[in-house]
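Raw contents of target-v9.cif, mmCIF, C-alpha atoms and all ligand atoms:
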```
data_data
loop_
_atom_site.group_PDB
_atom_site.id
_atom_site.type_symbol
_atom_site.label_atom_id
_atom_site.label_comp_id
_atom_site.auth_asym_id
_atom_site.auth_seq_id
_atom_site.Cartn_x
_atom_site.Cartn_y
_atom_site.Cartn_z
ATOM 1 C CA MET A 20 0.000 0.000 0.000
ATOM 2 C CA LEU A 21 1.230 3.444 -0.926
ATOM 3 C CA ILE A 22 0.599 6.278 1.534
ATOM 4 C CA VAL A 23 0.378 9.531 -0.398
ATOM 5 C CA PRO A 24 0.930 12.794 1.514
ATOM 6 C CA CYS A 25 -1.921 15.017 0.307
ATOM 7 C CA PRO A 26 -1.091 18.661 1.079
ATOM 8 C CA HIS A 27 -4.673 19.222 2.248
ATOM 9 C CA CYS A 28 -5.824 15.930 3.752
ATOM 10 C CA GLY A 29 -2.569 14.552 5.098
ATOM 11 C CA PRO A 30 -1.413 10.994 4.508
ATOM 12 C CA ARG A 31 -3.939 8.987 2.507
ATOM 13 C CA ASN A 32 -4.131 5.544 1.038
ATOM 14 C CA SER A 33 -3.321 5.805 -2.668
ATOM 15 C CA SER A 34 -6.690 4.239 -3.487
ATOM 16 C CA ASP A 35 -8.218 7.520 -2.277
ATOM 17 C CA LEU A 36 -6.297 9.320 -5.037
ATOM 18 C CA ARG A 37 -5.929 9.091 -8.765
ATOM 19 C CA TYR A 38 -2.492 8.976 -10.328
ATOM 20 C CA VAL A 39 -2.516 11.548 -13.101
ATOM 21 C CA GLY A 40 0.997 11.000 -14.375
ATOM 22 C CA GLU A 41 4.314 12.674 -14.828
ATOM 23 C CA SER A 42 4.209 16.387 -14.402
ATOM 24 C CA HIS A 43 5.576 18.293 -17.402
ATOM 25 C CA SER A 44 5.292 21.996 -18.029
ATOM 26 C CA ARG A 45 2.996 22.863 -20.911
ATOM 27 C CA PRO A 46 4.689 24.476 -23.903
ATOM 28 C CA ASP A 47 3.434 27.824 -25.211
ATOM 29 C CA PRO A 48 0.648 26.920 -27.667
ATOM 30 C CA ASN A 49 1.520 29.923 -29.850
ATOM 31 C CA SER A 50 5.085 28.924 -30.481
ATOM 32 C CA ALA A 51 5.350 25.170 -29.830
ATOM 33 C CA THR A 52 6.301 22.960 -32.765
ATOM 34 C CA PRO A 53 4.362 19.741 -33.466
ATOM 35 C CA GLU A 54 7.339 17.829 -32.066
ATOM 36 C CA GLN A 55 7.168 19.767 -28.808
ATOM 37 C CA TRP A 56 3.438 19.098 -28.552
ATOM 38 C CA ARG A 57 3.979 15.413 -29.163
ATOM 39 C CA ASP A 58 6.675 15.334 -26.500
ATOM 40 C CA TYR A 59 4.383 17.105 -24.063
ATOM 41 C CA LEU A 60 1.364 14.912 -24.751
ATOM 42 C CA TYR A 61 2.847 11.470 -25.230
ATOM 43 C CA MET A 62 6.479 11.154 -24.193
ATOM 44 C CA GLU A 63 7.389 10.170 -20.650
ATOM 45 C CA GLU A 64 10.662 10.195 -18.764
ATOM 46 C CA ASN A 65 9.885 7.019 -16.835
ATOM 47 C CA PRO A 66 13.047 7.166 -14.714
ATOM 48 C CA ALA A 67 14.079 4.692 -12.066
ATOM 49 C CA GLY A 68 14.497 7.440 -9.485
ATOM 50 C CA TRP A 69 12.999 10.723 -8.420
ATOM 51 C CA LEU A 70 10.047 11.905 -10.472
ATOM 52 C CA ILE A 71 7.663 14.846 -10.115
ATOM 53 C CA GLU A 72 4.105 13.604 -10.527
ATOM 54 C CA THR A 73 0.582 14.982 -10.505
ATOM 55 C CA TRP A 74 -1.995 13.377 -8.222
ATOM 56 C CA TYR A 75 -5.710 13.981 -7.830
ATOM 57 C CA CYS A 76 -7.263 13.581 -4.385
ATOM 58 C CA ARG A 77 -10.547 12.152 -5.613
ATOM 59 C CA SER A 78 -11.994 10.903 -2.329
ATOM 60 C CA GLY A 79 -10.625 13.737 -0.231
ATOM 61 C CA CYS A 80 -10.153 17.406 -1.074
ATOM 62 C CA ARG A 81 -10.718 16.944 -4.853
ATOM 63 C CA ARG A 82 -7.546 18.889 -5.655
ATOM 64 C CA TYR A 83 -4.720 18.313 -8.111
ATOM 65 C CA PHE A 84 -1.209 18.696 -6.733
ATOM 66 C CA LYS A 85 2.375 17.736 -7.462
ATOM 67 C CA LEU A 86 4.547 15.420 -5.447
ATOM 68 C CA GLU A 87 8.022 14.059 -5.935
ATOM 69 C CA ARG A 88 8.250 10.289 -5.643
ATOM 70 C CA HIS A 89 11.106 7.828 -5.980
ATOM 71 C CA THR A 90 9.840 5.256 -8.440
ATOM 72 C CA GLY A 91 12.141 2.606 -6.968
ATOM 73 C CA SER A 92 11.453 3.001 -3.258
ATOM 74 C CA ASN A 93 8.037 4.733 -3.436
ATOM 75 C CA GLU A 94 9.375 7.313 -1.008
ATOM 76 C CA PHE A 95 7.952 10.836 -1.229
ATOM 77 C CA ARG A 96 10.078 13.911 -0.609
ATOM 78 C CA ASN A 97 9.706 17.672 -0.430
ATOM 79 C CA PRO A 98 5.950 17.359 -0.405
ATOM 80 C CA PRO A 99 4.294 20.740 -0.995
ATOM 81 C CA ILE A 100 2.437 20.872 2.308
ATOM 82 C CA PRO A 101 0.819 24.242 3.082
ATOM 83 C CA GLY A 102 -0.538 22.929 6.400
ATOM 84 C CA ASN A 103 -2.762 19.977 6.989
ATOM 85 C CA LYS A 104 -6.453 20.178 7.738
ATOM 86 C CA LYS A 105 -5.729 21.416 11.245
ATOM 87 C CA GLY A 106 -3.360 24.026 9.798
ATOM 88 C CA THR A 107 -0.474 23.069 12.038
ATOM 89 C CA LYS A 108 2.038 20.432 11.194
ATOM 90 C CA ALA A 109 3.221 18.744 8.039
ATOM 91 C CA MET B 21 -24.696 -10.687 6.594
ATOM 92 C CA VAL B 22 -27.541 -8.269 6.070
ATOM 93 C CA LYS B 23 -30.794 -10.134 6.170
ATOM 94 C CA THR B 24 -33.633 -9.235 3.896
ATOM 95 C CA THR B 25 -36.323 -8.427 6.446
ATOM 96 C CA ASP B 26 -38.021 -5.365 5.058
ATOM 97 C CA LEU B 27 -37.510 -2.468 7.442
ATOM 98 C CA ASP B 28 -37.402 1.136 6.454
ATOM 99 C CA LEU B 29 -35.402 3.715 8.371
ATOM 100 C CA THR B 30 -38.467 5.453 9.716
ATOM 101 C CA SER B 31 -39.297 9.110 10.224
ATOM 102 C CA SER B 32 -36.565 11.687 10.229
ATOM 103 C CA THR B 33 -36.066 15.177 11.604
ATOM 104 C CA ALA B 34 -37.291 17.089 8.589
ATOM 105 C CA ALA B 35 -40.902 18.182 8.416
ATOM 106 C CA SER B 36 -41.885 16.210 5.354
ATOM 107 C CA PRO B 37 -39.573 13.285 4.709
ATOM 108 C CA SER B 38 -40.787 12.637 1.211
ATOM 109 C CA PHE B 39 -37.968 10.353 0.192
ATOM 110 C CA ARG B 40 -35.730 7.864 1.902
ATOM 111 C CA SER B 41 -33.414 5.035 1.176
ATOM 112 C CA SER B 42 -34.839 1.821 -0.131
ATOM 113 C CA ALA B 43 -32.083 -0.065 1.668
ATOM 114 C CA VAL B 44 -33.182 -3.209 3.420
ATOM 115 C CA VAL B 45 -31.407 -3.683 6.725
ATOM 116 C CA THR B 46 -32.046 -5.776 9.785
ATOM 117 C CA PRO B 47 -31.571 -4.638 13.361
ATOM 118 C CA THR B 48 -29.684 -7.028 15.557
ATOM 119 C CA THR B 49 -28.693 -7.220 19.182
ATOM 120 C CA ALA B 50 -25.884 -9.660 18.573
ATOM 121 C CA GLY B 51 -23.349 -9.424 21.351
ATOM 122 C CA PHE B 52 -25.286 -6.797 23.300
ATOM 123 C CA ALA B 53 -28.423 -7.821 25.089
ATOM 124 C CA ASP B 54 -30.388 -4.659 24.475
ATOM 125 C CA GLY B 55 -28.398 -3.247 21.593
ATOM 126 C CA SER B 56 -27.849 -0.045 23.534
ATOM 127 C CA ASP B 57 -24.081 -0.287 23.390
ATOM 128 C CA GLY B 58 -24.049 -0.964 19.695
ATOM 129 C CA VAL B 59 -24.656 1.193 16.675
ATOM 130 C CA THR B 60 -27.730 3.227 15.835
ATOM 131 C CA MET B 61 -28.327 4.119 12.213
ATOM 132 C CA SER B 62 -30.776 6.683 10.867
ATOM 133 C CA ASP B 63 -31.590 7.860 7.376
ATOM 134 C CA ARG B 64 -31.079 11.619 7.168
ATOM 135 C CA ALA B 65 -31.305 11.917 3.393
ATOM 136 C CA ASP B 66 -34.196 14.337 3.595
ATOM 137 C CA LEU B 67 -32.204 16.996 5.436
ATOM 138 C CA THR B 68 -31.453 19.919 3.151
ATOM 139 C CA LYS B 69 -27.857 19.986 1.953
ATOM 140 C CA LEU B 70 -26.670 23.192 0.379
ATOM 141 C CA THR B 71 -23.124 23.561 -0.883
ATOM 142 C CA MET B 72 -21.483 26.948 -1.284
ATOM 143 C CA ARG B 73 -18.189 27.493 -3.018
ATOM 144 C CA CYS B 74 -16.343 30.728 -2.472
ATOM 145 C CA ASP B 75 -12.885 32.144 -1.931
ATOM 146 C CA PRO B 76 -11.652 31.073 1.540
ATOM 147 C CA ALA B 77 -10.668 34.739 2.071
ATOM 148 C CA SER B 78 -14.123 36.098 1.190
ATOM 149 C CA ALA B 79 -16.676 37.599 3.548
ATOM 150 C CA ALA B 80 -18.950 34.604 2.959
ATOM 151 C CA ALA B 81 -16.196 32.215 4.052
ATOM 152 C CA SER B 82 -15.468 34.192 7.196
ATOM 153 C CA TRP B 83 -19.194 34.204 7.994
ATOM 154 C CA MET B 84 -19.036 30.407 7.932
ATOM 155 C CA ALA B 85 -16.396 30.577 10.687
ATOM 156 C CA VAL B 86 -15.197 27.060 10.004
ATOM 157 C CA SER B 87 -11.888 26.065 8.478
ATOM 158 C CA PHE B 88 -11.453 23.264 5.990
ATOM 159 C CA GLY B 89 -11.898 20.018 7.882
ATOM 160 C CA SER B 90 -14.134 21.253 10.663
ATOM 161 C CA ALA B 91 -17.793 21.878 11.370
ATOM 162 C CA ARG B 92 -19.909 23.901 13.773
ATOM 163 C CA SER B 93 -23.600 24.070 14.480
ATOM 164 C CA ASP B 94 -25.605 27.248 14.146
ATOM 165 C CA GLY B 95 -28.976 26.530 15.710
ATOM 166 C CA ASP B 96 -30.343 23.503 13.911
ATOM 167 C CA VAL B 97 -28.026 23.967 10.931
ATOM 168 C CA LEU B 98 -24.653 22.342 10.599
ATOM 169 C CA ILE B 99 -22.004 24.463 8.847
ATOM 170 C CA VAL B 100 -19.221 22.348 7.435
ATOM 171 C CA GLY B 101 -15.864 23.255 5.858
ATOM 172 C CA MET B 102 -15.963 20.333 3.481
ATOM 173 C CA ARG B 103 -13.226 21.337 1.057
ATOM 174 C CA PRO B 104 -10.690 24.177 0.953
ATOM 175 C CA ASP B 105 -13.160 26.455 -0.864
ATOM 176 C CA GLU B 106 -16.432 24.639 -0.276
ATOM 177 C CA PHE B 107 -18.880 24.828 2.598
ATOM 178 C CA TRP B 108 -21.980 22.796 3.319
ATOM 179 C CA LEU B 109 -25.088 23.853 5.162
ATOM 180 C CA ILE B 110 -27.016 20.830 6.447
ATOM 181 C CA GLY B 111 -30.296 21.002 8.310
ATOM 182 C CA PRO B 112 -34.037 21.336 7.977
ATOM 183 C CA ALA B 113 -35.088 23.295 4.912
ATOM 184 C CA ASP B 114 -36.232 26.427 6.749
ATOM 185 C CA GLY B 115 -33.101 26.505 8.912
ATOM 186 C CA VAL B 116 -30.793 26.223 5.908
ATOM 187 C CA GLU B 117 -32.739 28.924 4.090
ATOM 188 C CA ARG B 118 -32.442 31.200 7.119
ATOM 189 C CA ALA B 119 -28.681 30.619 7.344
ATOM 190 C CA ARG B 120 -28.274 31.120 3.619
ATOM 191 C CA ALA B 121 -29.977 34.485 3.817
ATOM 192 C CA ASP B 122 -27.417 35.579 6.424
ATOM 193 C CA VAL B 123 -24.370 34.815 4.283
ATOM 194 C CA PRO B 124 -22.747 38.023 2.967
ATOM 195 C CA THR B 125 -23.385 38.358 -0.756
ATOM 196 C CA SER B 126 -20.223 40.255 -1.728
ATOM 197 C CA GLY B 127 -17.862 38.483 -4.088
ATOM 198 C CA LEU B 128 -18.309 35.500 -6.336
ATOM 199 C CA ARG B 129 -19.814 32.340 -5.006
ATOM 200 C CA SER B 130 -21.816 29.412 -6.266
ATOM 201 C CA GLU B 131 -24.583 27.573 -4.480
ATOM 202 C CA VAL B 132 -25.961 24.173 -5.338
ATOM 203 C CA ASP B 133 -28.732 22.414 -3.476
ATOM 204 C CA LEU B 134 -27.556 18.817 -3.203
ATOM 205 C CA THR B 135 -30.501 17.601 -1.138
ATOM 206 C CA HIS B 136 -31.757 15.161 -3.726
ATOM 207 C CA GLY B 137 -28.308 14.360 -5.048
ATOM 208 C CA ARG B 138 -26.782 12.998 -1.891
ATOM 209 C CA ALA B 139 -27.642 10.211 0.485
ATOM 210 C CA LEU B 140 -27.062 11.024 4.145
ATOM 211 C CA VAL B 141 -26.954 8.499 6.951
ATOM 212 C CA GLN B 142 -26.246 9.042 10.618
ATOM 213 C CA VAL B 143 -24.530 6.370 12.656
ATOM 214 C CA SER B 144 -24.094 6.846 16.366
ATOM 215 C CA GLY B 145 -23.399 4.999 19.549
ATOM 216 C CA PRO B 146 -20.345 3.937 21.514
ATOM 217 C CA ARG B 147 -19.427 1.362 18.874
ATOM 218 C CA ALA B 148 -19.951 3.604 15.857
ATOM 219 C CA THR B 149 -16.258 4.467 15.669
ATOM 220 C CA LYS B 150 -15.280 0.798 15.788
ATOM 221 C CA MET B 151 -17.763 0.102 13.022
ATOM 222 C CA LEU B 152 -16.447 2.931 10.857
ATOM 223 C CA GLU B 153 -12.885 1.702 11.319
ATOM 224 C CA LYS B 154 -13.896 -1.530 9.624
ATOM 225 C CA VAL B 155 -14.890 0.184 6.391
ATOM 226 C CA CYS B 156 -12.802 3.372 6.293
ATOM 227 C CA GLY B 157 -9.021 3.636 6.203
ATOM 228 C CA LEU B 158 -8.751 6.905 8.128
ATOM 229 C CA ASP B 159 -7.463 7.171 11.672
ATOM 230 C CA TRP B 160 -10.625 7.718 13.743
ATOM 231 C CA SER B 161 -8.872 8.180 17.084
ATOM 232 C CA GLU B 162 -9.982 11.353 18.819
ATOM 233 C CA ASN B 163 -6.624 13.083 18.502
ATOM 234 C CA MET B 164 -6.610 12.698 14.713
ATOM 235 C CA THR B 165 -10.303 13.265 13.965
ATOM 236 C CA PRO B 166 -11.820 14.892 17.048
ATOM 237 C CA PRO B 167 -15.542 15.659 17.312
ATOM 238 C CA GLY B 168 -16.233 18.565 14.998
ATOM 239 C CA SER B 169 -14.031 17.137 12.260
ATOM 240 C CA ALA B 170 -15.221 17.019 8.676
ATOM 241 C CA VAL B 171 -13.351 14.724 6.325
ATOM 242 C CA SER B 172 -13.773 13.211 2.911
ATOM 243 C CA ALA B 173 -12.643 9.657 2.458
ATOM 244 C CA SER B 174 -13.633 6.376 1.012
ATOM 245 C CA VAL B 175 -16.086 4.385 3.135
ATOM 246 C CA ALA B 176 -16.696 0.839 1.928
ATOM 247 C CA LYS B 177 -14.961 2.030 -1.272
ATOM 248 C CA VAL B 178 -17.462 4.855 -1.834
ATOM 249 C CA SER B 179 -16.230 8.456 -1.739
ATOM 250 C CA CYS B 180 -18.003 9.944 1.258
ATOM 251 C CA ASP B 181 -18.083 13.156 3.225
ATOM 252 C CA ILE B 182 -18.146 12.570 6.966
ATOM 253 C CA VAL B 183 -18.868 14.910 9.854
ATOM 254 C CA ARG B 184 -18.073 13.715 13.342
ATOM 255 C CA ALA B 185 -19.988 14.855 16.397
ATOM 256 C CA GLY B 186 -18.877 12.891 19.438
ATOM 257 C CA ASP B 187 -19.846 9.281 18.900
ATOM 258 C CA SER B 188 -22.107 10.270 16.052
ATOM 259 C CA TYR B 189 -21.221 10.449 12.374
ATOM 260 C CA LEU B 190 -23.053 11.973 9.441
ATOM 261 C CA ILE B 191 -21.972 10.144 6.310
ATOM 262 C CA SER B 192 -22.928 11.434 2.891
ATOM 263 C CA CYS B 193 -22.360 9.999 -0.560
ATOM 264 C CA ASP B 194 -23.837 10.305 -4.040
ATOM 265 C CA ARG B 195 -27.394 9.036 -3.871
ATOM 266 C CA SER B 196 -26.830 6.326 -6.427
ATOM 267 C CA PHE B 197 -24.461 4.683 -3.920
ATOM 268 C CA GLY B 198 -26.726 5.317 -0.940
ATOM 269 C CA GLN B 199 -28.424 1.962 -0.809
ATOM 270 C CA TYR B 200 -25.130 0.126 -1.124
ATOM 271 C CA LEU B 201 -23.531 2.330 1.537
ATOM 272 C CA ILE B 202 -26.348 1.850 4.043
ATOM 273 C CA GLU B 203 -26.328 -1.894 3.515
ATOM 274 C CA SER B 204 -22.544 -1.996 3.870
ATOM 275 C CA LEU B 205 -22.679 -0.004 7.107
ATOM 276 C CA ALA B 206 -25.492 -2.191 8.405
ATOM 277 C CA ASP B 207 -23.406 -5.231 7.609
ATOM 278 C CA ALA B 208 -20.398 -3.762 9.416
ATOM 279 C CA ALA B 209 -22.598 -2.963 12.425
ATOM 280 C CA GLN B 210 -24.037 -6.457 12.816
ATOM 281 C CA GLU B 211 -21.381 -7.661 15.228
ATOM 282 C CA PHE B 212 -21.915 -4.693 17.552
ATOM 283 C CA GLY B 213 -25.683 -4.751 17.531
ATOM 284 C CA LEU B 214 -27.626 -2.524 15.168
ATOM 285 C CA THR B 215 -30.568 -0.352 16.137
ATOM 286 C CA LEU B 216 -32.507 1.609 13.574
ATOM 287 C CA GLY B 217 -33.062 5.170 14.725
ATOM 288 C CA ASP B 218 -35.882 7.533 13.930
HETATM 289 ZN ZN ZN C 1 -6.668 15.641 -0.370
#
```
Final structure tokens representation of the file:
Amino acid sequence: MLIVPCPHCGPRNSSDLRYVGESHSRPDPNSATPEQWRDYLYMEENPAGWLIETWYCRSGCRRYFKLERHTGSNEFRNPPIPGNKKGTKA
Amino acid sequence: MVKTTDLDLTSSTAASPSFRSSAVVTPTTAGFADGSDGVTMSDRADLTKLTMRCDPASAAASWMAVSFGSARSDGDVLIVGMRPDEFWLIGPADGVERARADVPTSGLRSEVDLTHGRALVQVSGPRATKMLEKVCGLDWSENMTPPGSAVSASVAKVSCDIVRAGDSYLISCDRSFGQYLIESLADAAQEFGLTLGD
């Protein structure tokens, strides 16, 4: 079982969330080439190591957020935690 | 197992309970002679549920006076900080309407009446927490989710919104899952003794 640190709800079972995928920045639609769009839409890094991902907290706060996860150890680090639901600790 | 004795979750707190769950559940006193130490379950679907979304920094949000993850009662209306920018007003129709009229109107906000869209069941009693722990992965100890907490989580694999008041829980889900949820909770409550409330 994977415990995902939601920045709003705190640690949650991953079945409470939806894995959205690797987080890539969107290219400028006015200047991006077809190759850049294809890279953005379809190509993945898929590293064996640290990866910034997007998650959706579907059974909790219904928010999208980014987390960094080690794809080998499933460890999360530097979670963007603006305060849990009690507004105190991480 | 839930048996199939037909038993509706009888009258509720609202003036005209015109709709209720068609779930079929059986009370039991298994393990507890009179059932009083077990779990009491009541259908509260006919309470009005109004959701308001607004900026957490807005005047409307500060009128609510609840932060995300907590709830307070204002007369007969429950005001719940259900999501970071979403508040719920739960109560009898006239009470909710009265509270709604008090909310400051400045700034953008949206209101949706979810009364007919959501099932709502109340489980209470000294064993209610134990029962909930069987079907929900959250930590229900009082230091993690004290009375007055409002959380969203999966209960029996259904996404639910839960408000805790002491040993009593209000559990809400989409109405299409309501019958399944009530039957699942009734099943989980069998070992503690299940009483059907008003
Ligand atoms: Zn969340």
Q: With all atoms listed in the file counted, collect every polymer residue having an atom within 9 Å of ligand ZN 1 (chain C); state the result as a list in words.
A: Pro24, Cys25, Pro26, His27, Cys28, Gly29, Pro30, Arg31, Asp35, Leu36, Tyr75, Cys76, Arg77, Ser78, Gly79, Cys80, Arg81, Arg82, Tyr83 and Phe84 of chain A; Arg103, Ser172 and Ala173 of chain B
Q. Near Phe95 in chain A, within 12 Å and counting only C-alpha atoms, which residues show up once chain neighbours fewer than 6 positions away are dropped, as an NGL selection string?
A. :A and (21-25 or 30 or 68-72 or 85-89)
(Q) If we count all atoms listed in the file and set the cut-off at 6 Å, which residues sit around range 179-190 of chain B, ignoring sequence neighbours fewer than 3 positions away in its own chain? Please answer as a list of chain:residue names. (A) A:Ser78, B:Val141, B:Gln142, B:Val143, B:Ser144, B:Gly145, B:Pro146, B:Pro167, B:Gly168, B:Ser169, B:Ala170, B:Val171, B:Ser172, B:Ala173, B:Ser174, B:Cys193
For the residues in the current selection, export C-alpha atoms as a JSON list (two decimals), in the frame of the given file.
```
[["chain", "number", "residue", "atom", "x", "y", "z"],
["A", 78, "SER", "CA", -11.99, 10.90, -2.33],
["B", 141, "VAL", "CA", -26.95, 8.50, 6.95],
["B", 142, "GLN", "CA", -26.25, 9.04, 10.62],
["B", 143, "VAL", "CA", -24.53, 6.37, 12.66],
["B", 144, "SER", "CA", -24.09, 6.85, 16.37],
["B", 145, "GLY", "CA", -23.40, 5.00, 19.55],
["B", 146, "PRO", "CA", -20.34, 3.94, 21.51],
["B", 167, "PRO", "CA", -15.54, 15.66, 17.31],
["B", 168, "GLY", "CA", -16.23, 18.57, 15.00],
["B", 169, "SER", "CA", -14.03, 17.14, 12.26],
["B", 170, "ALA", "CA", -15.22, 17.02, 8.68],
["B", 171, "VAL", "CA", -13.35, 14.72, 6.32],
["B", 172, "SER", "CA", -13.77, 13.21, 2.91],
["B", 173, "ALA", "CA", -12.64, 9.66, 2.46],
["B", 174, "SER", "CA", -13.63, 6.38, 1.01],
["B", 193, "CYS", "CA", -22.36, 10.00, -0.56]]
```
Q. The PyMOL selection byres (((chain B and resi 204) around 12) and not hetatm) on the file shown: which residues, as JSON, numbers by chain?
A. {"B": [21, 22, 23, 43, 44, 45, 46, 61, 141, 151, 152, 154, 155, 156, 175, 176, 177, 178, 197, 198, 199, 200, 201, 202, 203, 205, 206, 207, 208, 209, 210]}
Q: Convert the output of the PyMOL selection byres (((chain A and resi 40-54) around 8) and not hetatm) on the shown file into explicit residues, formatted as a PyMOL selection string.
A: chain A and resi 38-39+55-59+63-64+70-74+85
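CA of Ser78 in chain B is positioned 9.9 Å from CA of Asp105 in chain B.
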